[in-house]
Amino acid sequence: MTKIIDGKEFAGKIRGQVKEDSDLLFKDHKVQPCLAVVLVGENPASKVYVGAKTKMAAECNIKTKDFKMNEDTDQDTLLKTIKDLNDDSSVHGILVQLPLPKQIDERAVIDAIDVKKDVDGFHAINAGRLSIGGDMLKQAFIPCTPLGSLLLLKNTVQNLSGMNAVVVGRSNIVGKPMSQLLIEESCTVTVVHSRTKDIESICSKADIVIAAVGRPEMIKSHWIKKDAVIIDVGINRVPTTKPDGSEGSKIVGDVDYQDTFEKCSAITPVPGGVGPMTIACLLRNTVTSAYRHSGLEDPRGTVST
Ligand code: NDP
């Protein structure tokens, strides 16, 4: 029978651990983890996401400092805010919500964040540490969506070593770090993208498929090997017609859930799969940073629960 990988429940467990770790740090060292969240502009999806982060941080006894900046903010002003946060010893994590308005160079902003406070794990040095792997991971922050996807996978598959994994998508925030995490777990990894030839046949040989494409329900059952495990990172809003005939919308993944369900052995639903894990891992990275800033060991292993 196909297992539905319940990311909502698992993310709740991670947040429970984060709260425990946060409470312990305060009890023993009087340090409260603090996340600074910088939002530039009025992107509605970003506003919803930032709101959810702030609410869940509070539930884990993580303090947040919100910086809302106008759409026309120039790069120097944003860089100055980041410098101030880098210099503020009460702040352990800095998150700049992406995407940024077009007048701002995203890479310059990400790399201006103190690498020790880069809880999104997008800084070039953290990306490099993940790429090198091994002991380097102990100093790194791992990007939250791939980390959440890996934790779900490790909770589903007992031993990843030697498995064939295909990652669909090669973005810096999901596809590439995901492929590096899987290499670290001794999977045999293939990364496919928009220029890949015969993508369906490559996917159909995979024991594990990670979909991070941004194309609604692109991956169908004939792409999937029998009993493969599917992690669907995609979040796509598509139009629907409601029972009363009016128009609405719903969220679907990059995988056709109904079509692939019987063929795979386990799959993450959308919503309720990888999505909730992203925020849980962001909070986890923030508490890890607060421990490191206090000269303490990470409360959890880098990629374990
Ligand atoms: P990007 O648009 O940055 O990257 C998409 C990748 O998919 C690219 O590498 C692109 O290839 C590849 N691709 C696009 N079309 C095709 C195709 N037809 N066939 C094969 N490959 C294709 O997206 P992200 O990585 O940022 O996000 C991917 C998905 O994950 C989105 O649905 C996004 O909403 C979701 N997401 C979910 C998160 C969560 O919290 N659950 C967090 C972040 C993202 P190429 O490089 O050649 O252009």
# chains A, B, ... in the order shown; residues from 1 in each chain; ligands from 1
>>> select_by_dssp(residues="segment 94-274 of chain A", states="strand (DSSP E or B)", output="PyMOL selection string")
chain A and resi 94-96+164-168+188-192+208-211+219+229-232+236-241+247-252+255+266-267
>>> residues_near_ligand(ligand="ligand 1", cutoff="8 Å", atoms="only C-alpha atoms and all ligand atoms", output="ChimeraX atom specification")
/A:144-145,168-175,192-196,199,211-216,218,233-236,253-254,273-279
>>> write_last_selection(atoms="N, CA and C atoms", output="short mmCIF file (atom, residue, chain, number, x, y, z; two decimals), in the first residue's frame")
data_model
loop_
_atom_site.label_atom_id
_atom_site.label_comp_id
_atom_site.auth_asym_id
_atom_site.auth_seq_id
_atom_site.Cartn_x
_atom_site.Cartn_y
_atom_site.Cartn_z
N CYS A 144 16.71 25.27 3.51
CA CYS A 144 15.62 24.67 4.31
C CYS A 144 14.75 23.68 3.52
N THR A 145 14.43 23.99 2.27
CA THR A 145 13.54 23.07 1.53
C THR A 145 14.24 21.75 1.22
N VAL A 168 14.67 16.44 -10.31
CA VAL A 168 14.16 17.17 -11.48
C VAL A 168 14.19 18.65 -11.14
N GLY A 169 15.12 19.39 -11.75
CA GLY A 169 15.32 20.81 -11.43
C GLY A 169 16.73 21.02 -10.91
N ARG A 170 17.32 22.15 -11.27
CA ARG A 170 18.73 22.41 -10.88
C ARG A 170 18.90 23.82 -10.30
N SER A 171 17.85 24.32 -9.63
CA SER A 171 17.97 25.68 -9.07
C SER A 171 18.94 25.68 -7.89
N ASN A 172 19.45 26.88 -7.58
CA ASN A 172 20.37 27.00 -6.44
C ASN A 172 19.68 26.80 -5.11
N ILE A 173 18.36 27.03 -5.07
CA ILE A 173 17.69 26.92 -3.77
C ILE A 173 17.11 25.53 -3.51
N VAL A 174 16.83 24.78 -4.56
CA VAL A 174 16.29 23.44 -4.32
C VAL A 174 17.11 22.34 -5.03
N GLY A 175 17.09 22.33 -6.35
CA GLY A 175 17.66 21.19 -7.10
C GLY A 175 19.11 20.90 -6.78
N VAL A 192 18.20 16.31 -13.64
CA VAL A 192 17.66 16.61 -14.96
C VAL A 192 17.02 17.99 -14.95
N HIS A 193 16.90 18.60 -16.12
CA HIS A 193 16.40 19.98 -16.22
C HIS A 193 15.77 20.21 -17.57
N SER A 194 15.54 21.47 -17.92
CA SER A 194 14.75 21.74 -19.12
C SER A 194 15.47 21.34 -20.42
N ARG A 195 16.77 21.17 -20.36
CA ARG A 195 17.50 20.78 -21.59
C ARG A 195 17.78 19.28 -21.65
N THR A 196 17.35 18.54 -20.65
CA THR A 196 17.64 17.10 -20.60
C THR A 196 16.87 16.37 -21.69
N ILE A 199 13.92 12.75 -20.61
CA ILE A 199 13.79 12.89 -19.17
C ILE A 199 12.90 11.80 -18.56
N ALA A 211 10.98 16.08 -7.19
CA ALA A 211 10.47 16.97 -8.23
C ALA A 211 10.52 18.41 -7.75
N ALA A 212 11.32 19.24 -8.41
CA ALA A 212 11.41 20.67 -8.06
C ALA A 212 11.50 21.46 -9.36
N VAL A 213 10.38 21.50 -10.05
CA VAL A 213 10.33 22.03 -11.41
C VAL A 213 9.52 23.32 -11.53
N GLY A 214 8.39 23.37 -10.80
CA GLY A 214 7.49 24.51 -10.98
C GLY A 214 6.58 24.35 -12.18
N ARG A 215 6.29 23.11 -12.57
CA ARG A 215 5.35 22.82 -13.68
C ARG A 215 4.25 21.91 -13.11
N PRO A 216 3.00 22.44 -13.04
CA PRO A 216 1.95 21.68 -12.36
C PRO A 216 1.73 20.28 -12.94
N MET A 218 3.43 17.81 -13.84
CA MET A 218 4.19 17.42 -15.04
C MET A 218 4.54 15.93 -15.03
N VAL A 233 8.35 18.67 -4.39
CA VAL A 233 8.64 19.99 -3.80
C VAL A 233 7.72 21.07 -4.40
N GLY A 234 7.18 20.80 -5.56
CA GLY A 234 6.44 21.83 -6.31
C GLY A 234 5.27 22.44 -5.57
N ILE A 235 5.10 23.73 -5.76
CA ILE A 235 3.90 24.43 -5.25
C ILE A 235 3.40 25.27 -6.43
N ASN A 236 2.29 24.85 -7.01
CA ASN A 236 1.76 25.56 -8.18
C ASN A 236 0.28 25.86 -7.96
N GLY A 253 1.17 19.97 -6.91
CA GLY A 253 2.62 19.80 -6.99
C GLY A 253 3.11 19.69 -8.43
N ASP A 254 4.35 19.27 -8.56
CA ASP A 254 4.94 19.04 -9.89
C ASP A 254 4.66 17.62 -10.36
N GLY A 273 3.05 18.32 2.35
CA GLY A 273 4.24 17.47 2.26
C GLY A 273 5.49 18.27 2.63
N VAL A 274 6.22 18.68 1.59
CA VAL A 274 7.49 19.40 1.82
C VAL A 274 7.24 20.81 2.39
N GLY A 275 6.15 21.45 1.95
CA GLY A 275 5.89 22.85 2.33
C GLY A 275 6.10 23.13 3.82
N PRO A 276 5.40 22.42 4.72
CA PRO A 276 5.56 22.73 6.16
C PRO A 276 6.96 22.48 6.68
N MET A 277 7.72 21.62 5.98
CA MET A 277 9.08 21.30 6.44
C MET A 277 10.03 22.49 6.25
N THR A 278 9.74 23.32 5.26
CA THR A 278 10.65 24.43 4.96
C THR A 278 10.75 25.38 6.16
N ILE A 279 9.61 25.78 6.69
CA ILE A 279 9.63 26.71 7.83
C ILE A 279 10.22 26.01 9.07
#
>>> residues_around(residues="segment 287-292 of chain A", least_positions_apart="2", cutoff="12 Å", atoms="only C-alpha atoms", output="number ranges by chain")
A: 14-15, 17-26, 28-35, 57, 60-63, 89-94, 114-121, 138-142, 280-285, 294-302
>>> atom_distance(atom1="atom CA of Ile104 of chain A", atom2="atom CA of Ala124 of chain A")
17.5 Å
